[in-house]
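Only one structure is covered here, and it is reproduced in the block below.
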Amino acid sequence: MSDMDMPNTGLAPVEPVDDINTPGFWEKNESLFLGFGFIALVIIIWQLVPSVFTLSKGMKLFFATPTMIVGAFGDLIASGKLWPALQFSASAFGLGLGLSIIVALPLGVVMGRSQVLSDMFDPFITAINATPRLVFLPLILIWFGIGMWSVVVVVFIGALFPLLINTYEGVKNADKLLINVVKSYGANEWEINKLVVIPNSLPFIIAGLRLAIGRAVLGVVVAEFFGGSSNGVGVIMVRASGSFQVDVVFAGLILFMAMSLILTGIVRSIEARFSRWRPQQTKSF
Amino acid sequence: MEEEVGKLTFWQTWRRLIIGGIAVILFFLVWEALLTWFIPLNKFVISKPSLIFLGIARDMESGILWRDLLVSGRPLLFGFGAAVLIGIPVGVVMGWRERVGYSLDPLLTALYASPLVAVAPLVIIFFGVGVAGKAILIFVLCVFPFVFNSLAGVRSVDPLLINTVRSFGGKEMDLYRIVIVPTVLPFVIAGARYAIGRGLIGVLVGEFFAASEGVGYRIAWYGDMYVLDRMFGYILVMMVVAILFTEGIRWAERTAFPWRVGM
Amino acid sequence: MADYIKAENINLTFTPPNRRPVTALQDFNLSVDEGEFVSIVGPSGCGKSTFLNVLLGLIPPNTGVMSINGKTVSGPGQDRAMVFQEFGLLPWRTVMDNVGLGQELRGVSKAERRDASQKFIEMVGLAGFENHYPHELSGGMKQRVGIARALVSDPDVLLMDEPFAALDAQTRDIMQAELLRIWQEAKKTVLFVTHQIEEAVYLSDRVIVMTKRPGRTKKLIDIPLARPRDYEMRVTPEFNDLKLQIWNELKDEIDSQGGPVND
């Protein structure tokens, strides 16, 4: 598990040799090859299963091979159904996310700077954060009706909390020492925020954004699924699963997955750029 | 002799709880006051705390609340349990054998990033509307935090500690007992905290889609019939359950693993 | 007894995956008398810590013989114990349970372990901290635990791998004096690795200077200063002569090396 390996069993001391052990192209990128290779393998096996095994009638209904999924995708695009649905889902996503940013950032900063305020809001944030958003959906449907706003609200709630909590943590975390240093040079509250608090919080906020995006995508799916609207990719999916069109369902799933991965990937690279000054931290949940 | 960590005053330890508690009580009071004296109460759109709590009491009395909790809890137990039994070993193997980790990681990450709730209808249709279908759905949602956290836990085992135990004569079994399990355990418990949240989502999704009983079902049912006070009541119950689980695990983490300060 | 610890023509080469082979030790020879306090000084990366690990029995050499009291070293044993630079304390165990690690692995009963551990906890000056966790202790205290743990199993040889490098200067001075006090009381043979020349001269009977990698013994320097040593000795001309002697040997090894190298 450590870097030290078992020594050679040769008798003479080994002279450093140039080519033998310097890592080559395959070794250096081993993890990538293994990872994507595995995914490719799974896809291939998945594709071949119906040809190799004879499936029962019931299973056949459910077994959508990769080619079928791609086909379904193509059909959706060709039939012109995908684009408006995508627009709908994407706008709900954007609106909800945008609103959550507008609310979370200032609130997070204020909470971060005031201990009393954060203590006051704390139980509410903990409570709503711990609760699955889905539980509010029936209520949201009653209040906002079926349509885009319900979806937006669900997205908003989902995205709000990671952003809020992370902003708050980032602000709270601002090094008191640095604040004192800047104060000693005569900075006022605004300048303190500009010079110390905001740069320090940026990595946290962006990490929060990354989490928020994941939750926002989930929010779109969940809200559209359970009757939050009559438009959107999620609606296409739920109708398809009602009529056993498994390939369409999977196509939608992959679409959402791709959206989620791409967006979080973009945010991750932005995150990396803004975190260059920070020492490496072990990542886990 | 060097210093010990200083002890906190009464106010410092209890401050958060007290201020928070006051905020919550204030919230309910204002809510009640607003809808009693200032804004006409439209029973089809909203409710107020007194009615809500009354509703909860009635649902408890009639037994319906307990029954719903039980019905919702069973698949949760099975799904979550399966996630623990399968997720942890998978994560451990992935962390232990580097190559296995590399192979599985991208696929699992992609799956984790997908809105798996979308397959809920398929799962329910395929496996039935009973406990099995819901349990499997919950399993699919719950398993990932366990896998990823066990993986992280194994990867974080400190080689220095391994060397230390070996230097005092420790054998393979000793390494597991003394170093590896204590290192991985906090990660797994933290994973449980995430998993339970996703599990609750699974319960609700399953019940919104196809059920005749259960907390999720009941919320939707009350919603359909516009019985707002009972609906709010159930939502509140659900929130309490979620908080108990999540904060309970957090508390367990803090007491059982005091050395993980700042993690 | 002369040649109590004897290393003859030790050769050790590592082949880390995807990198060039590294020869850590080449024709390394060393001899230590019983009851001596010997320091090993050398540039970063010269293999001094590696040698300790060989002596400890965690790494077998490619060629050469490593023996203690005439017996060849073939794995960790009760006759040797190590004190680590980064302490290596198990964060989830109290001081008492950390100190008792060696004995626990050897199957000593809990009661006996407790008594023995208690004795050494007091000897290193940590009475009253038996039930504290490592994260509640300062660096110096943690290292005292490390020393107590090493002494409890009553080893014949104490190996110390830059044990005070992670401590601040004042704590380090205190710990050095404490170490000498404990050593006089416990009467062990000590092999002490450091790259602080002053520390080496202050503590030892003899100082071994190693070459840069691949490591070999370059020069043996006797430290004929009287015992017990006190702080004032550090400012005497004899002391500084010895320091200069060692520095002259050492500086050739450092000149020809670039930046930091992993040890």
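Residue names in the structure tokens use chain letters A, B, ... in the order shown, residue numbers from 1 in each chain, and ligand numbers from 1 in the order shown.
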Neighbours of chain C in chain B at 10 Å, counting only C-alpha atoms, as an NGL selection string: :B and (1-5 or 158-171 or 174 or 178-179 or 182-183 or 256-261)
Quick one: contact table of chain C to chain A, 9 Å max, nearest atom pair and distance in Å to one decimal per residue, counting only C-alpha atoms, chain and number order, as a Markdown table?
```
| residue | atom | partner | partner_atom | distance |
| --- | --- | --- | --- | --- |
| C:Asn11 | CA | A:Pro13 | CA | 6.8 |
| C:Leu12 | CA | A:Pro7 | CA | 7.0 |
| C:Thr13 | CA | A:Pro7 | CA | 5.6 |
| C:Phe14 | CA | A:Pro7 | CA | 4.8 |
| C:Thr15 | CA | A:Asp5 | CA | 6.2 |
| C:Pro16 | CA | A:Asp5 | CA | 5.6 |
| C:Pro17 | CA | A:Asn21 | CA | 7.5 |
| C:Asn18 | CA | A:Pro23 | CA | 4.7 |
| C:Arg19 | CA | A:Thr22 | CA | 5.1 |
| C:Arg20 | CA | A:Asn21 | CA | 5.3 |
| C:Pro21 | CA | A:Pro16 | CA | 5.9 |
| C:Val22 | CA | A:Pro16 | CA | 7.2 |
| C:Thr23 | CA | A:Val14 | CA | 7.2 |
| C:Gln26 | CA | A:Pro13 | CA | 7.4 |
| C:Ile59 | CA | A:Met6 | CA | 8.0 |
| C:Pro60 | CA | A:Pro7 | CA | 8.1 |
| C:Pro61 | CA | A:Pro7 | CA | 7.7 |
| C:Asn62 | CA | A:Thr9 | CA | 6.1 |
| C:Thr63 | CA | A:Leu11 | CA | 6.4 |
```
When you get a sec, could you note down which chain B residues fall within 7 Å of chain A, using only C-alpha atoms, as number ranges by chain? B: 16, 19-20, 23, 45, 102-107, 110, 113-115, 118, 121-122, 149, 152, 159, 197, 200-201, 204, 220, 223, 235, 239, 242-243, 246
Selected residues written out with N, CA and C atoms, as an mmCIF file, in the first residue's frame:
```cif
data_model
loop_
_atom_site.group_PDB
_atom_site.id
_atom_site.type_symbol
_atom_site.label_atom_id
_atom_site.label_comp_id
_atom_site.auth_asym_id
_atom_site.auth_seq_id
_atom_site.Cartn_x
_atom_site.Cartn_y
_atom_site.Cartn_z
ATOM 1 N N ARG B 16 -25.865 27.950 20.669
ATOM 2 C CA ARG B 16 -26.491 27.654 19.384
ATOM 3 C C ARG B 16 -27.872 27.067 19.590
ATOM 4 N N ILE B 19 -30.414 29.865 21.009
ATOM 5 C CA ILE B 19 -30.837 30.834 20.000
ATOM 6 C C ILE B 19 -31.671 30.152 18.928
ATOM 7 N N GLY B 20 -31.219 28.985 18.500
ATOM 8 C CA GLY B 20 -31.965 28.242 17.493
ATOM 9 C C GLY B 20 -33.354 27.885 17.984
ATOM 10 N N ALA B 23 -35.587 30.799 17.927
ATOM 11 C CA ALA B 23 -35.985 31.139 16.559
ATOM 12 C C ALA B 23 -37.123 30.251 16.094
ATOM 13 N N VAL B 45 -55.420 26.184 0.982
ATOM 14 C CA VAL B 45 -54.107 26.603 0.485
ATOM 15 C C VAL B 45 -53.036 26.498 1.558
ATOM 16 N N TYR B 102 -9.723 1.831 -10.148
ATOM 17 C CA TYR B 102 -9.652 2.595 -11.391
ATOM 18 C C TYR B 102 -10.723 2.161 -12.375
ATOM 19 N N SER B 103 -10.963 0.845 -12.443
ATOM 20 C CA SER B 103 -11.917 0.353 -13.437
ATOM 21 C C SER B 103 -13.333 0.786 -13.115
ATOM 22 N N LEU B 104 -13.707 0.656 -11.851
ATOM 23 C CA LEU B 104 -15.106 0.882 -11.520
ATOM 24 C C LEU B 104 -15.451 2.350 -11.298
ATOM 25 N N ASP B 105 -14.465 3.117 -10.894
ATOM 26 C CA ASP B 105 -14.761 4.494 -10.490
ATOM 27 C C ASP B 105 -15.541 5.329 -11.511
ATOM 28 N N PRO B 106 -15.089 5.434 -12.771
ATOM 29 C CA PRO B 106 -15.833 6.297 -13.704
ATOM 30 C C PRO B 106 -17.275 5.844 -13.890
ATOM 31 N N LEU B 107 -17.479 4.535 -14.034
ATOM 32 C CA LEU B 107 -18.845 4.047 -14.239
ATOM 33 C C LEU B 107 -19.721 4.408 -13.050
ATOM 34 N N ALA B 110 -20.479 8.078 -12.902
ATOM 35 C CA ALA B 110 -21.487 8.468 -13.878
ATOM 36 C C ALA B 110 -22.874 8.080 -13.394
ATOM 37 N N ALA B 113 -24.083 10.346 -10.745
ATOM 38 C CA ALA B 113 -24.463 11.662 -11.238
ATOM 39 C C ALA B 113 -25.793 11.637 -11.970
ATOM 40 N N SER B 114 -26.268 10.467 -12.363
ATOM 41 C CA SER B 114 -27.537 10.439 -13.084
ATOM 42 C C SER B 114 -28.688 10.472 -12.114
ATOM 43 N N PRO B 115 -29.795 11.071 -12.547
ATOM 44 C CA PRO B 115 -30.978 11.099 -11.684
ATOM 45 C C PRO B 115 -31.631 9.733 -11.676
ATOM 46 N N ALA B 118 -35.240 8.516 -11.954
ATOM 47 C CA ALA B 118 -35.952 8.383 -13.216
ATOM 48 C C ALA B 118 -36.255 6.932 -13.548
ATOM 49 N N PRO B 121 -40.032 4.285 -12.023
ATOM 50 C CA PRO B 121 -41.198 3.597 -12.595
ATOM 51 C C PRO B 121 -40.827 2.232 -13.169
ATOM 52 N N LEU B 122 -39.704 2.172 -13.852
ATOM 53 C CA LEU B 122 -39.289 0.894 -14.430
ATOM 54 C C LEU B 122 -39.090 -0.154 -13.348
ATOM 55 N N ASN B 149 -17.599 6.212 0.000
ATOM 56 C CA ASN B 149 -16.990 6.522 1.299
ATOM 57 C C ASN B 149 -16.097 5.408 1.806
ATOM 58 N N ALA B 152 -12.935 5.835 -0.040
ATOM 59 C CA ALA B 152 -12.119 6.921 0.502
ATOM 60 C C ALA B 152 -11.491 6.511 1.827
ATOM 61 N N PRO B 159 -0.138 4.817 6.161
ATOM 62 C CA PRO B 159 0.912 3.792 6.111
ATOM 63 C C PRO B 159 1.809 3.830 7.343
ATOM 64 N N GLY B 197 -30.502 9.940 3.498
ATOM 65 C CA GLY B 197 -31.240 10.999 2.809
ATOM 66 C C GLY B 197 -31.757 10.515 1.474
ATOM 67 N N LEU B 200 -34.569 8.047 1.853
ATOM 68 C CA LEU B 200 -35.892 8.644 2.091
ATOM 69 C C LEU B 200 -36.513 9.117 0.774
ATOM 70 N N ILE B 201 -35.666 9.666 -0.108
ATOM 71 C CA ILE B 201 -36.172 10.059 -1.424
ATOM 72 C C ILE B 201 -36.754 8.832 -2.134
ATOM 73 N N LEU B 204 -40.186 8.006 -0.868
ATOM 74 C CA LEU B 204 -41.215 8.917 -1.372
ATOM 75 C C LEU B 204 -41.508 8.671 -2.846
ATOM 76 N N ALA B 220 -49.421 12.750 -0.559
ATOM 77 C CA ALA B 220 -50.042 13.000 -1.856
ATOM 78 C C ALA B 220 -51.565 12.886 -1.762
ATOM 79 N N GLY B 223 -53.006 15.772 -0.152
ATOM 80 C CA GLY B 223 -52.871 16.872 -1.098
ATOM 81 C C GLY B 223 -53.992 16.837 -2.125
ATOM 82 N N ILE B 235 -45.969 16.202 6.529
ATOM 83 C CA ILE B 235 -44.702 16.781 6.073
ATOM 84 C C ILE B 235 -43.809 17.053 7.270
ATOM 85 N N MET B 239 -40.194 15.535 8.177
ATOM 86 C CA MET B 239 -39.025 16.357 8.470
ATOM 87 C C MET B 239 -38.375 15.902 9.770
ATOM 88 N N ALA B 242 -36.496 12.742 9.200
ATOM 89 C CA ALA B 242 -35.256 12.996 8.468
ATOM 90 C C ALA B 242 -34.206 13.629 9.381
ATOM 91 N N ILE B 243 -34.638 14.583 10.181
ATOM 92 C CA ILE B 243 -33.688 15.243 11.083
ATOM 93 C C ILE B 243 -33.148 14.252 12.099
ATOM 94 N N THR B 246 -30.551 12.066 10.304
ATOM 95 C CA THR B 246 -29.332 12.762 9.898
ATOM 96 C C THR B 246 -28.555 13.303 11.092
#
```
State, in Å with one decimal place, the distance from CA of Ile223 (chain C) to CA of Arg206 (chain C). 5.3 Å
